[in-house]
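**Student:** Contents of model.cif (mmCIF, C-alpha atoms and all ligand atoms):
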data_coords
#
loop_
_atom_site.label_atom_id
_atom_site.label_comp_id
_atom_site.auth_asym_id
_atom_site.auth_seq_id
_atom_site.Cartn_x
_atom_site.Cartn_y
_atom_site.Cartn_z
CA MET A 12 146.45 85.00 108.70
CA LYS A 13 147.96 81.54 108.90
CA PRO A 14 148.77 79.76 105.58
CA ARG A 15 146.04 77.21 106.15
CA THR A 16 143.47 80.01 106.37
CA ARG A 17 145.04 81.96 103.49
CA VAL A 18 144.75 79.10 100.99
CA ASN A 19 141.03 79.09 101.69
CA HIS A 20 140.77 82.86 101.17
CA PRO A 21 143.22 83.46 98.28
CA PRO A 22 143.79 86.92 96.75
CA GLN A 23 141.59 87.71 93.77
CA THR A 24 142.62 89.75 90.76
CA VAL A 25 140.24 92.63 90.23
CA PHE A 26 140.38 94.25 86.79
CA PRO A 27 140.65 98.05 86.89
CA ALA A 28 137.34 99.63 85.77
CA GLY A 29 136.97 99.69 81.99
CA ARG A 30 139.25 96.69 81.32
CA ARG A 31 138.05 93.22 80.50
CA ALA A 32 139.32 89.88 79.31
CA LEU A 33 138.54 89.44 75.62
CA VAL A 34 137.61 85.84 76.28
CA SER A 35 135.38 85.62 79.34
CA PRO A 36 136.87 83.74 82.28
CA ILE A 37 135.34 80.48 83.48
CA TYR A 38 133.35 81.12 86.65
CA GLN A 39 134.28 77.76 88.13
CA SER A 40 132.55 78.56 91.37
CA VAL A 41 129.54 76.96 93.02
CA LYS A 42 128.80 79.94 95.26
CA PHE A 43 128.64 83.70 94.72
CA GLU A 44 128.89 86.09 97.62
CA LEU A 45 126.78 89.23 97.60
CA GLU A 46 127.62 92.50 99.33
CA ASP A 47 125.32 91.99 102.34
CA LEU A 48 122.51 89.85 103.67
CA ALA A 49 119.79 92.09 102.25
CA ALA A 50 121.20 91.69 98.72
CA THR A 51 121.54 87.95 99.25
CA GLU A 52 117.88 87.73 100.24
CA ARG A 53 116.81 89.72 97.15
CA VAL A 54 118.78 87.47 94.78
CA TRP A 55 117.80 84.20 96.49
CA SER A 56 114.14 85.13 96.28
CA GLY A 57 114.46 86.08 92.59
CA ARG A 58 113.44 89.70 93.23
CA GLU A 59 116.78 90.89 91.87
CA PRO A 60 118.87 89.29 89.09
CA GLY A 61 122.19 87.81 90.16
CA PHE A 62 124.02 84.62 90.87
CA HIS A 63 124.18 82.82 94.21
CA TYR A 64 124.43 79.09 93.47
CA SER A 65 125.54 77.42 90.24
CA ARG A 66 122.77 74.84 90.14
CA VAL A 67 120.42 77.79 89.71
CA GLY A 68 122.60 80.05 87.57
CA ASN A 69 126.23 80.69 86.68
CA PRO A 70 127.76 83.59 84.69
CA THR A 71 129.64 81.36 82.20
CA VAL A 72 126.58 79.18 81.62
CA SER A 73 124.43 82.29 81.39
CA GLU A 74 126.66 83.70 78.63
CA LEU A 75 126.13 80.50 76.64
CA GLU A 76 122.37 80.57 77.28
CA GLU A 77 122.06 84.14 76.04
CA LEU A 78 124.00 83.35 72.87
CA LEU A 79 121.97 80.21 72.09
CA ALA A 80 118.65 82.02 72.59
CA GLU A 81 119.81 84.76 70.22
CA LEU A 82 120.91 82.26 67.55
CA GLN A 83 117.56 80.46 67.74
CA GLY A 84 115.71 83.79 67.64
CA ARG A 85 113.93 83.37 70.97
CA GLU A 86 113.98 85.18 74.32
CA ALA A 87 115.56 82.74 76.72
CA CYS A 88 117.44 79.49 77.15
CA ILE A 89 118.39 77.07 79.88
CA ALA A 90 121.48 74.92 79.39
CA THR A 91 121.72 71.37 80.76
CA GLY A 92 124.42 68.76 81.31
CA SER A 93 123.44 66.69 78.23
CA GLY A 94 121.02 66.74 75.33
CA ILE A 95 118.81 64.07 76.83
CA ALA A 96 118.66 66.05 80.10
CA ALA A 97 117.23 68.92 78.05
CA VAL A 98 114.69 66.56 76.44
CA ALA A 99 113.66 65.19 79.85
CA LEU A 100 113.49 68.59 81.54
CA ALA A 101 111.45 70.15 78.72
CA LEU A 102 108.89 67.35 78.93
CA ILE A 103 108.79 67.15 82.72
CA ALA A 104 108.35 70.91 83.03
CA PHE A 105 105.11 70.92 81.03
CA LEU A 106 103.54 67.52 81.71
CA SER A 107 101.44 66.23 84.60
CA ALA A 108 99.74 62.91 85.31
CA GLY A 109 96.89 62.40 82.85
CA ASP A 110 98.49 64.54 80.10
CA HIS A 111 98.95 63.11 76.62
CA VAL A 112 101.87 63.47 74.18
CA VAL A 113 101.86 62.90 70.43
CA GLY A 114 105.30 61.77 69.26
CA PHE A 115 106.67 59.97 66.23
CA ILE A 116 107.90 56.50 65.38
CA GLU A 117 111.03 58.23 64.03
CA THR A 118 111.72 60.05 67.33
CA TYR A 119 115.21 59.57 68.84
CA GLY A 120 115.23 56.23 70.74
CA PRO A 121 116.03 57.48 74.28
CA THR A 122 113.28 60.14 73.93
CA ARG A 123 110.79 57.40 73.04
CA ALA A 124 112.04 55.39 76.02
CA LEU A 125 111.57 58.44 78.25
CA LEU A 126 107.95 58.73 77.07
CA SER A 127 107.11 55.05 77.43
CA LYS A 128 109.27 53.82 80.30
CA THR A 129 109.67 56.90 82.51
CA LEU A 130 106.85 59.38 81.96
CA GLY A 131 104.47 56.45 81.48
CA ARG A 132 105.13 55.47 85.11
CA PHE A 133 103.91 58.90 86.20
CA GLY A 134 100.62 58.69 84.31
CA VAL A 135 101.60 60.52 81.11
CA THR A 136 100.23 58.75 78.03
CA HIS A 137 101.54 59.01 74.48
CA GLU A 138 100.94 57.89 70.94
CA LEU A 139 103.52 57.53 68.17
CA VAL A 140 102.54 58.24 64.58
CA SER A 141 104.59 58.27 61.39
CA LEU A 142 106.26 61.59 60.59
CA HIS A 143 105.08 61.61 56.98
CA ASP A 144 101.49 60.83 57.87
CA ILE A 145 100.00 64.26 58.57
CA ALA A 146 96.48 62.80 58.49
CA ALA A 147 97.51 60.49 61.37
CA VAL A 148 98.78 63.52 63.34
CA GLU A 149 95.44 65.24 62.87
CA HIS A 150 93.55 62.08 63.77
CA ALA A 151 95.66 61.58 66.94
CA LEU A 152 95.10 65.20 68.00
CA SER A 153 91.36 65.11 67.47
CA ARG A 154 90.94 61.80 69.32
CA VAL A 155 92.76 62.66 72.58
CA LYS A 156 93.27 66.08 74.17
CA THR A 157 97.03 66.54 73.77
CA ARG A 158 99.37 68.69 75.87
CA VAL A 159 102.59 68.31 73.83
CA VAL A 160 103.52 67.41 70.26
CA TRP A 161 107.17 66.36 70.17
CA PHE A 162 109.13 65.92 66.96
CA GLU A 163 112.52 66.09 65.20
CA SER A 164 113.49 67.19 61.71
CA PRO A 165 115.61 65.78 60.14
CA THR A 166 115.07 62.59 62.11
CA ASN A 167 117.89 60.47 63.46
CA PRO A 168 119.04 58.28 61.67
CA MET A 169 116.81 58.26 58.55
CA LEU A 170 116.88 62.04 57.94
CA LYS A 171 113.16 62.28 57.24
CA ILE A 172 111.88 65.83 56.99
CA ALA A 173 108.81 66.95 58.93
CA ASP A 174 106.32 69.37 57.47
CA VAL A 175 107.02 71.83 60.30
CA GLU A 176 104.37 74.35 59.27
CA ALA A 177 101.63 71.69 59.18
CA ILE A 178 102.67 70.18 62.54
CA CYS A 179 102.68 73.63 64.21
CA ARG A 180 99.30 74.56 62.73
CA LEU A 181 97.57 71.31 63.69
CA SER A 182 99.10 71.26 67.18
CA HIS A 183 98.12 74.84 67.95
CA ASP A 184 94.62 74.35 66.50
CA HIS A 185 94.23 71.58 69.09
CA GLY A 186 95.75 73.58 71.95
CA ALA A 187 98.99 71.57 72.21
CA LEU A 188 102.50 72.92 72.83
CA VAL A 189 104.92 72.23 69.95
CA MET A 190 108.38 71.00 70.95
CA LEU A 191 111.10 70.43 68.36
CA ASP A 192 114.38 68.61 68.94
CA ASN A 193 116.46 70.73 66.55
CA THR A 194 119.75 68.88 67.15
CA LEU A 195 120.32 67.61 63.62
CA ALA A 196 118.95 70.73 61.93
CA GLY A 197 121.27 73.20 63.70
CA LEU A 198 121.20 76.13 66.10
CA GLU A 199 119.38 78.62 63.89
CA ALA A 200 117.14 76.20 62.05
CA HIS A 201 113.33 76.45 61.93
CA ALA A 202 113.29 79.83 63.74
CA GLN A 203 110.65 81.05 61.25
CA PHE A 204 108.02 78.64 62.62
CA PRO A 205 105.87 79.15 65.74
CA ILE A 206 107.63 76.39 67.69
CA ASP A 207 106.99 76.81 71.44
CA VAL A 208 110.06 74.97 72.74
CA TYR A 209 113.30 74.07 70.94
CA VAL A 210 115.68 71.48 72.33
CA HIS A 211 119.29 70.92 71.24
CA SER A 212 121.98 68.44 72.15
CA LEU A 213 125.05 70.71 72.38
CA THR A 214 127.20 67.57 72.48
CA LYS A 215 126.90 67.43 68.68
CA SER A 216 127.82 70.19 66.25
CA ALA A 217 127.38 73.09 68.73
CA ASN A 218 130.45 72.07 70.71
CA GLY A 219 131.63 70.08 67.72
CA HIS A 220 134.83 68.63 69.13
CA GLY A 221 133.51 65.47 70.75
CA ASP A 222 134.95 66.36 74.15
CA VAL A 223 132.04 67.71 76.17
CA MET A 224 128.33 67.09 76.65
CA GLY A 225 125.55 69.62 76.94
CA GLY A 226 121.98 70.43 76.08
CA ALA A 227 119.71 73.44 75.74
CA ILE A 228 116.04 74.34 75.96
CA ILE A 229 115.09 77.56 74.15
CA ALA A 230 111.72 79.32 74.30
CA SER A 231 109.96 82.50 75.40
CA GLN A 232 111.01 83.98 78.74
CA GLN A 233 107.71 82.91 80.25
CA LEU A 234 108.15 79.25 79.28
CA ILE A 235 111.82 79.20 80.30
CA ASP A 236 110.88 80.62 83.73
CA GLN A 237 108.61 77.60 84.14
CA VAL A 238 111.39 75.23 83.06
CA ARG A 239 113.90 76.90 85.38
CA MET A 240 111.70 76.27 88.40
CA GLN A 241 111.78 72.56 87.58
CA ALA A 242 115.51 72.66 86.78
CA ASN A 243 116.22 74.04 90.24
CA VAL A 244 114.68 70.98 91.88
CA PHE A 245 115.87 68.37 89.35
CA GLY A 246 119.42 69.74 89.07
CA PRO A 247 120.56 68.94 85.50
CA ALA A 248 122.86 72.02 85.49
CA LEU A 249 125.64 72.41 82.91
CA ASP A 250 129.09 72.71 84.45
CA PRO A 251 130.77 76.11 83.80
CA HIS A 252 133.86 74.46 82.31
CA ALA A 253 131.67 72.57 79.85
CA ALA A 254 129.86 75.83 79.05
CA PHE A 255 133.22 77.51 78.38
CA LEU A 256 134.24 74.71 75.99
CA ILE A 257 130.91 74.92 74.16
CA LEU A 258 131.28 78.71 73.88
CA ARG A 259 134.74 78.12 72.40
CA GLY A 260 133.32 75.51 70.00
CA LEU A 261 130.64 77.94 68.89
CA ARG A 262 133.24 80.43 67.66
CA THR A 263 133.91 78.09 64.72
CA TYR A 264 130.39 76.61 64.48
CA HIS A 265 129.36 78.23 61.20
CA ILE A 266 132.67 77.52 59.46
CA ARG A 267 132.74 73.90 60.68
CA ARG A 268 129.13 73.32 59.80
CA ALA A 269 129.48 74.81 56.29
CA ALA A 270 132.52 72.61 55.58
CA GLN A 271 130.87 69.49 57.00
CA CYS A 272 127.63 70.06 55.09
CA ALA A 273 129.55 70.61 51.83
CA SER A 274 131.50 67.37 52.40
CA ALA A 275 128.29 65.51 53.32
CA GLN A 276 126.68 66.67 50.06
CA LYS A 277 129.71 65.55 48.03
CA ILE A 278 129.86 62.16 49.79
CA ALA A 279 126.10 61.60 49.48
CA GLU A 280 126.29 62.30 45.73
CA TRP A 281 129.26 59.91 45.39
CA LEU A 282 127.56 57.14 47.40
CA ALA A 283 124.34 57.50 45.39
CA LEU A 284 126.23 56.43 42.26
CA HIS A 285 128.11 53.55 43.90
CA PRO A 286 127.15 50.04 42.67
CA ARG A 287 127.28 48.57 46.22
CA VAL A 288 124.86 51.14 47.60
CA ALA A 289 121.10 50.46 47.59
CA ARG A 290 119.96 53.88 48.82
CA VAL A 291 121.34 57.11 50.23
CA HIS A 292 119.28 59.24 52.61
CA TYR A 293 120.42 62.87 52.58
CA PRO A 294 118.03 65.84 52.32
CA GLY A 295 120.47 67.66 50.04
CA LEU A 296 120.02 65.04 47.31
CA GLU A 297 117.35 65.80 44.73
CA SER A 298 116.31 62.14 45.04
CA HIS A 299 115.37 62.66 48.72
CA PRO A 300 111.55 62.52 48.89
CA SER A 301 111.39 65.79 50.87
CA HIS A 302 114.28 67.61 49.17
CA GLN A 303 112.14 70.60 48.18
CA LEU A 304 110.60 70.93 51.65
CA ALA A 305 114.07 70.70 53.23
CA ARG A 306 115.34 73.39 50.85
CA GLU A 307 112.48 75.69 51.85
CA GLN A 308 112.53 75.24 55.62
CA MET A 309 116.12 74.37 56.64
CA THR A 310 119.23 76.53 56.93
CA ASP A 311 121.44 73.70 55.56
CA PHE A 312 121.12 69.99 54.84
CA GLY A 313 123.27 68.81 57.75
CA SER A 314 126.39 66.73 58.17
CA VAL A 315 124.81 63.28 58.55
CA VAL A 316 124.43 60.90 55.60
CA THR A 317 122.58 57.61 56.02
CA VAL A 318 123.19 54.75 53.65
CA ASP A 319 121.58 51.34 52.99
CA LEU A 320 124.16 49.04 51.46
CA LYS A 321 123.30 46.18 49.14
CA GLY A 322 124.05 42.70 50.49
CA ASP A 323 123.29 41.61 54.03
CA PRO A 324 124.15 43.08 57.47
CA GLU A 325 127.46 41.18 57.44
CA HIS A 326 128.58 43.24 54.42
CA SER A 327 127.71 46.40 56.39
CA ARG A 328 129.68 45.11 59.38
CA ARG A 329 132.73 44.45 57.17
CA PHE A 330 132.28 47.89 55.61
CA ALA A 331 132.32 49.58 59.06
CA ASP A 332 135.31 47.50 60.16
CA GLY A 333 137.16 48.33 56.93
CA LEU A 334 136.94 52.10 57.39
CA THR A 335 140.00 53.77 58.86
CA LEU A 336 138.88 57.42 58.95
CA PHE A 337 135.39 56.76 60.38
CA SER A 338 135.21 55.52 63.99
CA SER A 339 132.35 53.17 64.92
CA VAL A 340 130.92 55.22 67.77
CA ALA A 341 127.52 56.64 68.58
CA SER A 342 127.59 60.38 68.15
CA LEU A 343 127.53 62.96 65.39
CA GLY A 344 128.61 66.49 64.51
CA SER A 345 132.21 66.07 65.62
CA THR A 346 135.39 67.13 63.80
CA GLU A 347 136.23 63.49 63.09
CA SER A 348 134.01 61.26 60.93
CA LEU A 349 131.93 58.56 62.61
CA ILE A 350 129.82 55.59 61.59
CA VAL A 351 127.01 53.76 63.36
CA PRO A 352 126.68 50.38 61.57
CA PRO A 353 123.35 48.49 61.40
CA GLN A 354 124.26 46.23 64.33
CA LEU A 355 124.21 49.33 66.60
CA GLN A 356 121.42 51.11 64.76
CA GLN A 357 118.26 49.03 65.07
CA PRO A 358 115.31 50.79 66.76
CA GLN A 359 114.31 49.40 70.16
CA GLY A 360 110.83 49.24 71.66
CA LEU A 361 108.91 49.45 68.36
CA THR A 362 106.50 46.88 66.95
CA LYS A 363 107.37 45.14 63.66
CA ASP A 364 104.97 47.43 61.78
CA GLN A 365 106.52 50.51 63.41
CA VAL A 366 110.03 49.31 62.49
CA LEU A 367 108.84 49.05 58.87
CA LEU A 368 107.46 52.59 59.05
CA SER A 369 110.71 53.85 60.62
CA SER A 370 112.50 52.83 57.36
CA VAL A 371 115.57 51.59 59.29
CA LEU A 372 116.78 48.44 57.51
CA PRO A 373 119.11 45.67 58.74
CA THR A 374 121.63 47.20 56.30
CA THR A 375 121.33 50.86 57.37
CA SER A 376 124.48 52.70 58.48
CA ARG A 377 124.65 56.32 59.65
CA LEU A 378 127.68 58.40 58.71
CA SER A 379 128.57 61.63 60.48
CA ILE A 380 130.88 63.64 58.27
CA GLY A 381 133.77 65.38 60.00
CA LEU A 382 136.29 68.02 58.95
CA GLU A 383 138.69 65.72 57.09
CA ASP A 384 139.29 66.34 53.38
CA PRO A 385 136.22 64.84 51.63
CA ASP A 386 138.45 63.23 48.99
CA ASP A 387 140.23 61.24 51.73
CA LEU A 388 136.86 60.21 53.18
CA ILE A 389 135.64 59.07 49.73
CA ALA A 390 138.85 57.08 49.20
CA ASP A 391 138.34 55.43 52.61
CA LEU A 392 134.69 54.61 51.79
CA GLU A 393 135.73 53.14 48.43
CA THR A 394 138.41 50.91 50.00
CA ALA A 395 136.01 49.68 52.71
CA LEU A 396 133.19 49.02 50.21
CA THR A 397 135.55 47.07 47.93
CA SER A 398 136.89 44.91 50.77
CA ALA A 399 133.41 44.36 52.29
CA PHE A 400 132.13 42.88 49.04
CA ALA A 401 135.37 41.11 47.99
CA PRO A 402 134.71 37.45 47.06
CA ASN A 403 135.63 34.71 49.62
CA GLU A 404 135.53 37.10 52.54
C1 LIG B 501 118.23 64.03 68.02
C2 LIG B 501 118.94 63.85 69.32
N1 LIG B 501 118.40 64.37 70.43
C3 LIG B 501 118.99 64.23 71.64
C4 LIG B 501 120.16 63.53 71.77
C5 LIG B 501 120.78 63.34 73.14
O1 LIG B 501 121.89 64.13 73.29
P1 LIG B 501 123.07 63.81 74.35
O2 LIG B 501 123.79 62.62 73.80
O3 LIG B 501 123.84 65.06 74.39
O4 LIG B 501 122.40 63.49 75.64
C6 LIG B 501 120.75 62.96 70.63
C7 LIG B 501 122.01 62.17 70.76
O5 LIG B 501 122.40 61.50 69.84
C8 LIG B 501 120.12 63.12 69.38
O6 LIG B 501 120.64 62.59 68.27
#
Starting from the coordinates I provided, produce the structure as structure tokens.
**Tutor:**
Amino acid sequence: MKPRTRVNHPPQTVFPAGRRALVSPIYQSVKFELEDLAATERVWSGREPGFHYSRVGNPTVSELEELLAELQGREACIATGSGIAAVALALIAFLSAGDHVVGFIETYGPTRALLSKTLGRFGVTHELVSLHDIAAVEHALSRVKTRVVWFESPTNPMLKIADVEAICRLSHDHGALVMLDNTLAGLEAHAQFPIDVYVHSLTKSANGHGDVMGGAIIASQQLIDQVRMQANVFGPALDPHAAFLILRGLRTYHIRRAAQCASAQKIAEWLALHPRVARVHYPGLESHPSHQLAREQMTDFGSVVTVDLKGDPEHSRRFADGLTLFSSVASLGSTESLIVPPQLQQPQGLTKDQVLLSSVLPTTSRLSIGLEDPDDLIADLETALTSAFAPNE
């Protein structure tokens, strides 16, 4: 064999039977060769499990999918290249022209845009109600036959808590599928409820290191089979290298999350007593209007703390600029702390009344608490608050 041929057919290490790598290798391959044509036909047609093409399935991605389904307490999962790809795929897989969705004013902005600007073009209608208005949910469901109820808890960025049991009961009574974006709540959260479809952005605390994007849809095998058919023609597949990094991130997920939630609680309590702070939104605070509900239905209170400063938006801008340990960037759940100041936080595409109901103020900042020492973070917050409100600045 000439060198030019050999480099395209390199030798492959085969482990002797009974040996294995403790950390699974990355199957960075698009194609998988089967022993003969008959086997290839069986796998291609889905009559036999196996891998043939990574858009459809890949062993590294599959390992991640199995783990995520187990953590969420459901049968199956499909991983995607980003969280919003998972949101889009979950909705597209179950909606057709003429179907109706009930969502919430507090729903993540790009998901609302997907409902109004994208799915709206294909004849899917939707209505947004306020998360705390259960009577409005019931009213919306009894007025229009609804295919999907879509919600988040806690919401991003105001950390409102949904009454998950009531939403599931009402939705199912009216024959709708219940879909929950569980990104802020965590990978095991809300498993005790009869949610039909869970969606996660793995970009956040699942991977946790701010260096890779991913998403997941988790449900019964039957529902995931339906989603997978759509995934095969839409192609939002997660890359195996990204799956490997997320699997590595997950090894420290519980330890990271516990430390970040503990720091978030400490920081929320400190901010709540600060004279420059108008209001702190954190479900772990007893002052949070749904603290008791959060305690009953969540696995932890999360690593995001939202704060309304006193003063005007310019004070909040100076506060964000004055922080040295919090970067002003739009993500959450990473090892380093982040802030989204009000100038980058205002909801788009809502009416004035809906903005009021969303509770986002022109002085609202969202903090994502990282793995730094919480005392250093508090010192940084104190310095930035002092300089933001210093006279003559
Ligand atoms: C609640 C929620 N869902 C979905 C997403 C989208 O995830 P990704 O950025 O991985 O596409 C985000 C991102 O911030 C989010 O906060």
**Student:** Which residue is closest to His285 of chain A? Choose from A:Ala270, A:Leu198, A:Leu396, A:Ala253 and count only C-alpha atoms.
**Tutor:**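 Of A:Ala270, A:Leu198, A:Leu396, A:Ala253, the one nearest His285 of chain A, counting only C-alpha atoms, is A:Leu396.
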**Student:** So that I can see what lies close to Tyr64 of chain A, please list as a list in words the residues with an atom at most 7 Å from it, counting only C-alpha atoms and leaving out residues fewer than 4 positions away in the same chain.
**Tutor:**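 The neighbour list is Val41, Lys42, Phe43 and Gly68 of chain A.
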**Student:** For atom CA of Leu106 of chain A and atom CA of Leu181 of chain A, determine how far apart the two atoms are, in Å to one decimal place.
**Tutor:**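 Those two atoms sit 19.4 Å apart.
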**Student:** Mind running chain A against ligand LIG 501 (chain B) at 7 Å and telling me each contacting residue's nearest atom pair with the distance in Å (one decimal), counting only C-alpha atoms and all ligand atoms, chain and number ascending, as a Markdown table?
**Tutor:**
| residue | atom | partner | partner_atom | distance |
| --- | --- | --- | --- | --- |
| A:Ser93 | CA | B:LIG501 | O3 | 4.2 |
| A:Gly94 | CA | B:LIG501 | O3 | 3.4 |
| A:Ile95 | CA | B:LIG501 | O4 | 3.8 |
| A:Ala96 | CA | B:LIG501 | O4 | 6.4 |
| A:Val98 | CA | B:LIG501 | C3 | 6.9 |
| A:Tyr119 | CA | B:LIG501 | C1 | 5.4 |
| A:Glu163 | CA | B:LIG501 | C1 | 6.7 |
| A:Thr166 | CA | B:LIG501 | C1 | 6.9 |
| A:Asn167 | CA | B:LIG501 | C1 | 5.8 |
| A:Asp192 | CA | B:LIG501 | N1 | 6.0 |
| A:Thr194 | CA | B:LIG501 | C1 | 5.2 |
| A:Leu195 | CA | B:LIG501 | C1 | 6.0 |
| A:His211 | CA | B:LIG501 | N1 | 6.7 |
| A:Ser212 | CA | B:LIG501 | O1 | 4.5 |
| A:Leu213 | CA | B:LIG501 | O3 | 6.1 |
| A:Thr214 | CA | B:LIG501 | O3 | 4.6 |
| A:Lys215 | CA | B:LIG501 | O3 | 6.9 |
| A:Met224 | CA | B:LIG501 | O3 | 5.4 |
| A:Gly225 | CA | B:LIG501 | O3 | 5.5 |
| A:Gly226 | CA | B:LIG501 | O3 | 5.9 |
| A:Ser342 | CA | B:LIG501 | O5 | 5.6 |
| A:Leu343 | CA | B:LIG501 | O5 | 6.9 |
**Student:** Record the distance separating atom CA of Gly246 of chain A and atom CA of Val67 of chain A, expressed in Å with one decimal.
**Tutor:**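 Between atom CA of Gly246 of chain A and atom CA of Val67 of chain A the gap is 8.1 Å.
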**Student:** Counting all atoms listed in the file, select every polymer residue within 12 Å of (126.0, 58.2, 44.9) as defined in the file's coordinates, and provide the selection as a ChimeraX atom specification.
**Tutor:** /A:275-293,296-298,316-320,389,392-393
**Student:** Name the closest residue to Pro205 of chain A among the candidates A:Lys128, A:His220, A:His143, A:Arg180; distances are taken between atoms, counting only C-alpha atoms.
**Tutor:**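 Of the candidates, the smallest distance to Pro205 of chain A is held by A:Arg180.
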**Student:** Hey, what's within 7 Å of Cys272 of chain A if we count only C-alpha atoms and toss same-chain stuff fewer than 6 positions away? As an MDAnalysis selection string, please?
**Tutor:** chainID A and resid 312:314
**Student:** For atom CA of Gly333 of chain A and atom CA of Leu388 of chain A, determine how far apart the two atoms are, in Å to one decimal place.
**Tutor:**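 Interatomic distance here is 12.5 Å.
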**Student:** With 8 Å as the cut-off and all atoms listed in the file counted, what is the closest atom pair between each nearby residue of segment 207-276 of chain A and segment 80-85 of chain A? Distances in Å to one decimal, ordered by chain and number, as a tab-separated table.
**Tutor:**
residue	atom	partner	partner_atom	distance
A:Ile229	CA	A:Ala80	CA	5.9
A:Ala230	CA	A:Arg85	CA	5.7
A:Ser231	CA	A:Arg85	CA	6.0
**Student:** Which residue gives the smallest distance to Val34 of chain A among A:Phe255, A:Phe62, A:Phe115, A:Phe133, with all atoms listed in the file counted?
**Tutor:**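 That would be A:Phe255, the residue with the smallest distance to Val34 of chain A.
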**Student:** For Leu361 of chain A, find every residue with an atom within 12 Å (counting all atoms listed in the file), except residues of its own chain fewer than 2 positions away, and show them as a list in words.
**Tutor:** Phe115, Ile116, Glu117, Thr118, Tyr119, Gly120, Arg123, Ala124, Ser127, Glu138, Leu139, Val140, Gln357, Pro358, Gln359, Lys363, Asp364, Gln365, Val366, Leu367, Leu368, Ser369 and Val371 of chain A
**Student:** So which one's closest to His302 of chain A, A:Ala28, A:Cys88, A:Leu125, A:Ala173? Using only C-alpha atoms, please.
**Tutor:**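 So, comparing all the options, the nearest one is A:Ala173.
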**Student:** Neighbours of Ala49 of chain A within 12 Å (all atoms listed in the file; same-chain residues fewer than 6 positions away dropped), as an NGL selection string?
**Tutor:** :A and (55-56 or 58-59)
**Student:** Please determine, counting all atoms listed in the file, which residue among A:Leu100, A:Leu334, A:Ile380, A:Ile350 has the shortest atom-to-atom distance to Thr394 of chain A.
**Tutor:**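 Ranked by minimum distance to Thr394 of chain A, first place goes to A:Leu334.
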